[in-house]
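Only one structure is covered here, and it is reproduced in the block below.
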Amino acid sequence: MSVAAMELVNLKKTIGNKNIIKGLSFSINRGEVFGFIGPNGAGKTTTIRMMVGLISISEGDVLIQGHSIKQDFKKAVREVGAIVENPEMYPFMTGWQNLKHYARMMPGVTKERIHGVVKLIGMEKAINEKVGKYSLGMRQRLGIAQALLHKPSVLILDEPTNGLDPAGIREMRGHIRHLAQEENVAVIVSSHLLSEIEQMCDRIGVIKNGEMVTLQQVGAQDNGNLVHHLTVEPTNKAKQLLEEQFDLKVVELEGDLSFRCEKEQMPAIIKSLVENDCAIYQANVVNGTLEDQFFELIGENTIE
Amino acid sequence: MSRLLKLIQNEQAKLFIRKSTWIMYIILIGIIIAGAFLTDKFSDLNEDYQGDDWRQVLQEDNKKLQQEMKKDEYAQAINPETIAKNNYYLEHDIQPAPYTAWNFVQENAGLLTFVSLLTIIIAGGIIANEFRWGSIKLLLIRPIRRSGILLSKYIATLLFSLYTTIFVFLFSWMVGAIFFGVGDLNPEIVKQVEDGFTTVSLLKETLTSYGFQIVPLVMMATFAFMISAVFRNSSLAIGISIFLMMGGSSVMGFLAQKEWAKYILFAHMDLSQYTAGNTPMIKGMTLEFSIVMLLIYYVIFIALSWMVFTKRDVAGQ
């Protein structure tokens, strides 16, 4: 298997004696859109800043195309394009001057490439205007252009839908899907609003208080699978049974078991559980989107 | 290497795209033209001495000055020097040189204090502004070490002071040439030294005046750069630096008696204190000592900027 585009290895950040990030480990492959979700203050931006070397890593490492951001900063960061928080470009320069500025900082970015990127984000008309006059959506687009100049293998977009109207979000979604599929880029999109990025992600990771609460594939509900919740005793036995006999991915949520399966499978599952002496207290279909699960997962927006 | 040049090019572009930088130059142009205008109107430009009868004119002037001294106490204080100077011309049979563009350039060496001020404004903002704009985050995620970015910014600051100094020099000459004429290529002027007077090359004199001004210019620019890198706040950097630049030498006046005063940076800013005709600010200081002190301060400023800028986390505002 090829190297993951980006891999986080037990990443930790401690400030003073406060653990901000408590050991994140996951990897993202090329061509994949990864949604990085969590309430405000959960540690998304801190994690992203560590990914690109803006802040130091207390423990663990970030590997980008196999290069450690700690030991091999230049090689690692060459593979990354990013917008951290807002796309803050120089307001007194035009869009073109801004891109030119960043192009000079990286090897091998030709004028043709800048033109290509401008075309890709559809900014040909406004590129010679001062960035100070841009709308937020235009700045987001220019931010993406800036991040793509050097053909990175990983694109990190922190809150790319922030401040965009629904049409803007829809368009942004199109751009991001296109980049992942056509250009084979690994895209990491962070947001505190799951609904906004749910549709563009292949996989989401939910972070809460510096810990990864869940990692899951998105889009399964599209082929008719529903999320089911079971309150069952003994939980472990039931979980094992579901995983082994029905080949399901089961997540434990506050004592309940949560999994996706076809509606038609449920009677067989329940029958099997009963036969194996598992007591079922409750079984229901969760009719919501990921959004509801998200709230279930993170619960109250508490910051430790 | 070429990467560093491109980084410097970026910094220059960011400086000169902004209107505020051009306004600085417009102010400089205004000051120089106004200076030439005032000099032309109100200064003694040695015009009386340009005829063949310059010896007579000088002697008559001396008589007038002596008469003035009998009536006026103020004249008693300043006239003897002028008389002595005039006598020096007569004794050595030197015709006083006319006031030309070169004299104007030399007098404008004082304008380098203003150039220091502008450089402080640039140095104070060059790092802090990136933090204020938020663009520092996009700047530091390039395949370039932080020290490289810092170096490019420092060089850009020094280049700005260099351009501006050259601009003051050249523009003063141009304006001087229009107002006062070009004159000889290398005229000589009479200058007061320890024991009387001597003739010196005006060009050399001009270059030394500018040269001595470069020390405080570089030191204060580096200081402002350090504050900018450490505190990431341009107003703080500019404020403190200008305050110290203005107040530094006057504070030294009070402290000159103290033994430890010779370890203060501002005791060493003006190296012309070691040239003939001047006495060091504090007894016992030598040129070598001053240079060592300046170097120590310089290294501290640079080391602090580097350590803080390359190590510290770039977290949210």
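Each chain in the structure tokens gets a letter, A, B and so on, in the order shown; residues start at 1 in every chain, and ligands are counted from 1 in the order they appear.
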
| task | With a distance threshold of 7 Å and counting only C-alpha atoms, extract the residues of chain B near chain A and express them as a ChimeraX atom specification. | result | /B:6-7,10,18,133-135,137,140-144,313-315

| task | Do a neighbour search on A:Ala186 at 6 Å with only C-alpha atoms, toss out local chain neighbours closer than 2 positions, and write the hits as a ChimeraX atom specification. | result | /A:29-32,154

| query | Between B:Arg132, B:Lys311, B:Lys14, B:Lys85, which has the minimum distance to B:Gln192 (counting only C-alpha atoms)? | reply |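 Distance minimum relative to B:Gln192 lands on B:Lys85.
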
| message | When DSSP is applied to the backbone of this structure, which of stretch 82-208 of chain B are assigned alpha helix (DSSP H)? Write them out as a ChimeraX atom specification. | response | /B:82-92,101-107,112-126,128-133,136-139,146-180,202-208

| message | Neighbouring residues of A:Ser190 were defined as those with any atom within 8 Å, considering only C-alpha atoms; residues of the same chain fewer than 6 positions away were excluded. Please report them as a list of chain:residue names. | response | A:Gly35, A:Phe36, A:Ile37, A:Lys44, A:Leu157, A:Asp158, A:Glu159, A:Pro160

From a DSSP calculation on the backbone, collect every residue of stretch 80-194 of chain A in strand (DSSP E) and output the set as a CSV table (one decimal) with N, CA and C atoms, in the first residue's frame.
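Full text of part.csv as output:
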chain,number,residue,atom,x,y,z
A,80,VAL,N,1.8,20.4,1.1
A,80,VAL,CA,0.6,20.9,1.7
A,80,VAL,C,0.2,22.3,1.1
A,81,GLY,N,-1.1,22.4,0.9
A,81,GLY,CA,-1.6,23.7,0.6
A,81,GLY,C,-2.7,23.9,1.7
A,82,ALA,N,-2.8,25.1,2.2
A,82,ALA,CA,-3.7,25.3,3.3
A,82,ALA,C,-4.3,26.7,3.4
A,83,ILE,N,-5.5,26.7,4.0
A,83,ILE,CA,-6.1,28.0,4.5
A,83,ILE,C,-6.3,27.7,6.0
A,154,VAL,N,-1.8,17.3,-0.3
A,154,VAL,CA,-2.8,17.5,0.7
A,154,VAL,C,-3.3,18.9,0.7
A,155,LEU,N,-4.6,19.1,0.8
A,155,LEU,CA,-5.2,20.4,0.8
A,155,LEU,C,-5.9,20.5,2.2
A,156,ILE,N,-5.6,21.5,3.0
A,156,ILE,CA,-6.2,21.7,4.2
A,156,ILE,C,-7.1,23.0,4.2
A,157,LEU,N,-8.3,22.8,4.4
A,157,LEU,CA,-9.2,24.0,4.4
A,157,LEU,C,-9.9,24.1,5.7
A,158,ASP,N,-9.5,25.1,6.5
A,158,ASP,CA,-10.1,25.3,7.8
A,158,ASP,C,-11.4,26.2,7.6
A,186,ALA,N,-5.7,14.9,-1.4
A,186,ALA,CA,-6.3,14.6,-0.2
A,186,ALA,C,-6.8,15.9,0.4
A,187,VAL,N,-8.1,16.0,0.7
A,187,VAL,CA,-8.6,17.2,1.2
A,187,VAL,C,-9.1,17.1,2.6
A,188,ILE,N,-8.7,18.0,3.5
A,188,ILE,CA,-9.1,18.0,4.8
A,188,ILE,C,-10.0,19.2,5.0
A,189,VAL,N,-11.2,19.0,5.4
A,189,VAL,CA,-12.1,20.2,5.5
A,189,VAL,C,-12.6,20.2,7.0
A,190,SER,N,-12.4,21.3,7.6
A,190,SER,CA,-12.9,21.4,9.0
A,190,SER,C,-14.1,22.2,9.1
A,191,SER,N,-14.9,21.9,10.0
A,191,SER,CA,-16.1,22.7,10.2
A,191,SER,C,-16.7,22.5,11.6

| Which value, in Å to one decimal, gives the distance between atom CA of B:Pro98 and atom CA of B:Pro187? |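 Taking atom CA of B:Pro98 and atom CA of B:Pro187, their separation equals 9.0 Å.
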
| request: Tell me which protein, DNA and RNA residues are within 8 Å of A:Asn19, counting only C-alpha atoms, leaving out same-chain ones fewer than 6 positions away, and put them as a PyMOL selection string. | output: chain A and resi 12-13+210
